[in-house]
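Input: a single structure, listed below in structure tokens.
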Amino acid sequence: MPQLGEKSLAFYERAKKVMPGGVSSNYRYYGEEETPVVERAKGGHIYDFDGKRYIDYRLGWGPIILGHAHDFVNERVTEAIQYGLSFAGTQKYEVSVAERMIDLCPGVEMVRFSNTGSEATMHAMRLARGYTGRDLILKFEGSYHGAHDSVLWSTPGLPVTPLNERNHPVPNKIGTGIPDLMSELMVMCRWNDVEMLGEILEEKGEQIAGIIIEPVLGNSMALTPHPDYFQFLRGQCDKYGIVLIYDEVKTGFRIAPGGAGEYFGVLPDLSTFAKAMGNGYPIAAIGGKKDIMMHLMPGKVFQGGTYSGNVVSTAAADATLERIQSGEVFVQLNKIGGILMDGISEILTRYDIAHHLHGTPAMFGITLSEQKPHNWRELNEMCNIELYSDIISHMIDNGVMPEDEGEPWFLCADHTEADAAESLQKFEDGVKEALK
Ligand SMILES: Cc1ncc(COP(=O)(O)O)c(C=O)c1O
């Protein structure tokens, strides 16, 4: 991550005095001299307190789909806030966003809003439990579903645990403070592994309320499953009466205008959305089949939140989704993302580095290995993560900032051909440096 300059370091010192680690999320802490600080951002670029500019491929870890400080979105918000922010009553922007989501996302028939992806996955899991009357939720290792206790098991960034006597993953929690008891409500499975999933469901299928899955591993280099994996998953959920939940917090409105349902052509029962739907404004949603969603009613399954469906967030989402509905956004994302993916692959081939690209142009990952990794375990065990991090560190020193490990590259519609050309040049420089 970036070596901080004099003014950025002074600012970070100030932050550390008042916030643990000087950050608002553990994930943002990278050490005393490399924790990113941002003074401002515009389009596809961010600037630190020394005025250093970076081409930004982290994009807040996914939310920025149009561009930072986007005028079209900001204008809609500025207009909306003249008439109030929070009413404890239904307002026009939330209904408009729900209509746009139903129009864009196949399988979404009704919507409820929240503010963060964590709230959305928490509510979706509760809804699956309430709907089925069962307690267990199946989660895949290497997926991240937010900051609540139920899902902080076998997340990316944790060391890979040994398999149990039946060759199934043992859950491993992140940090302290999470009761071990929570893991008894979760069933862990290897992602993209038809055999293991079939085996687990044969044993426990009728006790499982929901399967929650990141359709593309948004925290593990955008690994993408076998094309027939979702068919299998859908079939198994139908067989055992399990609610299939796509966690589209990262993939929604990013891998395709209609997310994973559109991209893979197999529909879930419920989906959770956040990030790209608000272009950086805090908003999230649960969407899905009407008969399941209608359980979110008094006396049935609880869902709530003071700021759920507030004017600022929904006005931002209204503008963002309007732009996505126009079709232009994905033309640009696919164009620039495609240039980067092709260019990176060409450079790695020229330097004789075995590699694989994963994901889609708006969210792609690179792994350095002979064999293609098919899940998080293989990603950790087979790939040269150190060489990748070295390449990216050199890029960051030179003003181009993807994440240096784990997270894919994120694109926004404000990235330009000039950004792509500069990024590829810096990528090649990074490869040369890393191989020295
Ligand atoms: C797939 C996925 N689900 C849920 C979350 C949690 O979202 P939030 O950080 O908004 O709570 C994230 C965050 O990165 C995510 O990537």
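Ligands are numbered from 1 in the order shown, residues from 1 within each chain, and chains are lettered A, B, ... in the order they appear in the structure tokens.
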
*Step by step, measure atom-to-atom distances between ligand 1 and each residue using only C-alpha atoms and all ligand atoms, keep those at most 10 Å, then write them as an MDAnalysis selection string.*
chainID A and resid 25 27 60:63 114:122 143:148 151 212:220 246:252 272:275 282:284 407

**Asked** DSSP says alpha helix (DSSP H) for which residues of range 107-321 of chain A? Put them as a ChimeraX atom specification?
**Response** /A:117-132,194-204,229-240,259-264,290-293,311-321

- [ ] Compare A:Ala316, A:Ile286, A:Ala434, A:Met1 by their minimum atom-to-atom distance to Ile102 in chain A, counting only C-alpha atoms, and give me the closest one.
- [x]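 Answer, going by the shortest atom-to-atom distance: A:Ile286.
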
**Asked** Using only C-alpha atoms, which residue out of A:Pro20, A:Tyr388, A:Ala420, A:Ile81 lies closest to Leu340 in chain A?
**Response**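 For Leu340 in chain A, the nearest of the candidates is A:Ala420.
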
What's the separation between CA of Leu411 in chain A and CA of Ile65 in chain A, in Å to one decimal place?
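So the two atoms, CA of Leu411 in chain A and CA of Ile65 in chain A, lie 6.8 Å apart.
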
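Listed by chain and then by rising number, the residues of range 146-338 of chain A that DSSP assigns to strand (DSSP E) from the backbone are Met186, Val187, Met188, Cys189, Ile208, Ala209, Gly210, Ile211, Ile212, Ile213, Val243, Leu244, Ile245, Tyr246, Asp247, Glu248, Leu270, Ser271, Thr272, Phe273, Ala284, Ala285, Ile286, Gly287 and Gly288 of chain A.
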
Those same residues, written as a PDB file, in the first residue's frame with C-alpha atoms?
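Just written: result19.pdb:
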ATOM      1  CA  MET A 186     -23.350 -22.217  10.146  1.00  0.00           C
ATOM      2  CA  VAL A 187     -22.336 -25.016   7.785  1.00  0.00           C
ATOM      3  CA  MET A 188     -19.099 -24.439   5.909  1.00  0.00           C
ATOM      4  CA  CYS A 189     -18.505 -25.715   2.392  1.00  0.00           C
ATOM      5  CA  ILE A 208     -30.673 -25.835   6.152  1.00  0.00           C
ATOM      6  CA  ALA A 209     -32.697 -22.625   5.806  1.00  0.00           C
ATOM      7  CA  GLY A 210     -30.515 -20.850   3.305  1.00  0.00           C
ATOM      8  CA  ILE A 211     -27.376 -21.052   1.204  1.00  0.00           C
ATOM      9  CA  ILE A 212     -25.641 -17.714   0.900  1.00  0.00           C
ATOM     10  CA  ILE A 213     -23.169 -17.369  -1.942  1.00  0.00           C
ATOM     11  CA  VAL A 243     -33.655 -20.508   0.139  1.00  0.00           C
ATOM     12  CA  LEU A 244     -30.889 -19.629  -2.327  1.00  0.00           C
ATOM     13  CA  ILE A 245     -29.378 -16.226  -1.511  1.00  0.00           C
ATOM     14  CA  TYR A 246     -27.004 -14.498  -3.912  1.00  0.00           C
ATOM     15  CA  ASP A 247     -24.906 -12.009  -1.972  1.00  0.00           C
ATOM     16  CA  GLU A 248     -24.576  -9.422  -4.726  1.00  0.00           C
ATOM     17  CA  LEU A 270     -33.256 -13.713  -2.598  1.00  0.00           C
ATOM     18  CA  SER A 271     -30.402 -11.338  -3.371  1.00  0.00           C
ATOM     19  CA  THR A 272     -28.573  -8.739  -1.343  1.00  0.00           C
ATOM     20  CA  PHE A 273     -27.284  -5.594  -3.018  1.00  0.00           C
ATOM     21  CA  ALA A 284     -28.151  -1.635   0.493  1.00  0.00           C
ATOM     22  CA  ALA A 285     -31.178  -3.761  -0.313  1.00  0.00           C
ATOM     23  CA  ILE A 286     -32.677  -7.210  -0.172  1.00  0.00           C
ATOM     24  CA  GLY A 287     -34.646  -8.222  -3.233  1.00  0.00           C
ATOM     25  CA  GLY A 288     -36.345 -11.417  -4.291  1.00  0.00           C
TER      26      GLY A 288
END

Which one of A:Gln325, A:Gly157, A:His68, A:Gly43 sits closest to Glu99 in chain A if you count only C-alpha atoms?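 For Glu99 in chain A, the nearest of the given residues is A:Gln325.
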
Please build the interface table for range 104-179 of chain A against range 257-262 of chain A with a cut-off of 10 Å, listing for each qualifying residue the nearest atom pair and the distance in Å to one decimal; count only C-alpha atoms, order rows by chain and increasing number, and write it as CSV.
residue,atom,partner,partner_atom,distance
A:Leu104,CA,A:Gly258,CA,5.0
A:Cys105,CA,A:Gly258,CA,4.1
A:Pro106,CA,A:Gly261,CA,5.9
A:Gly107,CA,A:Gly261,CA,7.1
A:Val108,CA,A:Gly261,CA,9.2

- Contacts of Asn172 in chain A at 9 Å or less, counting only C-alpha atoms, minus same-chain residues fewer than 6 places along, as a ChimeraX atom specification? /A:152-155,158-161,183
